Amino acid sequence: MSLVNSLNPGLRILGVDPGLQITGYAVVEVGPRGPLVCEAGIIRSTESRQTADMAQRVRTVYNGIEEVIVQLHPQVVVVEQLYAHYEHPRTAILMAHARGVVFLAGAQHDLPVISYNATRIKKTVTGNGRASKDQVQRTIQRELGLAQLPEPPDVADALAAALCHYYLQKLPA
């Protein structure tokens with residue numbers, strides 16, 4: 001399903017920065033003057049990394065994303081692609097658990113789930129594929145007209161994913 005040229009007012013994009021400790025999320029709605037933030041926040045695992053049961057952490061992410069979908073009715077979910085550094089394969093494996101439940105929640109609501117790699121998101125939003133967290137936060141603040149920097153950075157990353165999709169779909173086919 002292509003969303004190209006279907007950026008009609010009212011389209012809601014759910015951006016997700018998946019993580020097992022903190023998952024950032026943001027719902028951006030396409031308005032007549034561009035994207036507007038409906039809601040943004042974090043889903044936080046209540047258990048520490050050392051004591052947390054993996055099943056409970058994954059369930060927390062799933063329940064949080066499910067709640068956002070049910071309450072805010074996005075039409076598309078955008079999630080950052082998995083990045084695996086050969087020196088830290090365990091991190092990629094853990095992140096895959098969080099991404100998996102985001103995909104599941106989207107699929108259960110018949111929503112397309114689209115992935116962009118982090119470099120593409122940063123390049124599209126800031127103009128620099130290697131932008132720092134601070135650069136991303138400041139760009140998001142400026143682009144969306146926010147009074148304050150989006151905090152924590154997980155929220156800024158979720159907003160960046162949603163904005164990336166907005167900008168890429170706005171381009172002519």
# chains A, B, ... in the order shown; residues from 1 in each chain; ligands from 1
>>> residues_around(residues="Ala105 in chain A", least_positions_apart="3", cutoff="12 Å", atoms="only C-alpha atoms", output="VMD selection string")
chain A and resid 14 16 58 to 59 61 to 70 74 76 to 77 98 to 102 108 to 113
>>> select_by_dssp(residues="range 19-157 of chain A", states="helix (DSSP H, G or I)", output="PyMOL selection string")
chain A and resi 54-72+89-108+118-126+133-144+153-157
>>> closest_atom_pairs(of="range 6-59 of chain A", to="range 135-153 of chain A", cutoff="9 Å", atoms="only C-alpha atoms", output="tab-separated table")
residue	atom	partner	partner_atom	distance
A:Gly24	CA	A:Pro153	CA	8.1
A:Gly34	CA	A:Leu144	CA	8.7
A:Pro35	CA	A:Leu144	CA	7.0
A:Leu36	CA	A:Leu144	CA	6.6
A:Val37	CA	A:Leu144	CA	7.4
A:Ala40	CA	A:Pro150	CA	8.7
A:Gly41	CA	A:Glu151	CA	8.4
A:Ile42	CA	A:Pro152	CA	8.2
>>> write_last_selection(atoms="N, CA, C and O atoms", output="mmCIF file, in the first residue's frame")
data_model
loop_
_atom_site.group_PDB
_atom_site.id
_atom_site.type_symbol
_atom_site.label_atom_id
_atom_site.label_comp_id
_atom_site.auth_asym_id
_atom_site.auth_seq_id
_atom_site.Cartn_x
_atom_site.Cartn_y
_atom_site.Cartn_z
ATOM 1 N N GLY A 24 10.228 5.499 22.720
ATOM 2 C CA GLY A 24 9.647 6.798 22.414
ATOM 3 C C GLY A 24 8.551 6.632 21.378
ATOM 4 O O GLY A 24 8.655 5.787 20.497
ATOM 5 N N GLY A 34 0.826 21.805 7.540
ATOM 6 C CA GLY A 34 1.936 20.897 7.783
ATOM 7 C C GLY A 34 1.665 20.000 8.977
ATOM 8 O O GLY A 34 0.543 19.937 9.479
ATOM 9 N N PRO A 35 2.702 19.330 9.456
ATOM 10 C CA PRO A 35 2.520 18.366 10.545
ATOM 11 C C PRO A 35 2.346 19.034 11.901
ATOM 12 O O PRO A 35 2.971 20.044 12.199
ATOM 13 N N LEU A 36 1.457 18.450 12.711
ATOM 14 C CA LEU A 36 1.199 18.916 14.071
ATOM 15 C C LEU A 36 1.332 17.726 15.018
ATOM 16 O O LEU A 36 0.894 16.623 14.682
ATOM 17 N N VAL A 37 1.856 17.962 16.195
ATOM 18 C CA VAL A 37 1.997 16.892 17.185
ATOM 19 C C VAL A 37 0.662 16.691 17.901
ATOM 20 O O VAL A 37 0.122 17.627 18.491
ATOM 21 N N ALA A 40 3.015 12.900 22.185
ATOM 22 C CA ALA A 40 4.345 12.290 22.163
ATOM 23 C C ALA A 40 4.731 11.957 23.589
ATOM 24 O O ALA A 40 4.367 12.669 24.523
ATOM 25 N N GLY A 41 5.446 10.871 23.763
ATOM 26 C CA GLY A 41 5.860 10.477 25.099
ATOM 27 C C GLY A 41 6.715 9.227 25.069
ATOM 28 O O GLY A 41 7.267 8.864 24.024
ATOM 29 N N ILE A 42 6.819 8.595 26.222
ATOM 30 C CA ILE A 42 7.619 7.379 26.327
ATOM 31 C C ILE A 42 6.811 6.271 26.990
ATOM 32 O O ILE A 42 5.881 6.532 27.743
#
>>> closest_residue(among="A:Ala161, A:Leu168, A:Ala96, A:Ile121", to="Ala26 in chain A", atoms="only C-alpha atoms")
A:Ala161
>>> closest_residue(among="A:Leu159, A:Gln81, A:Pro9, A:Cys164", to="Glu39 in chain A", atoms="only C-alpha atoms")
A:Leu159
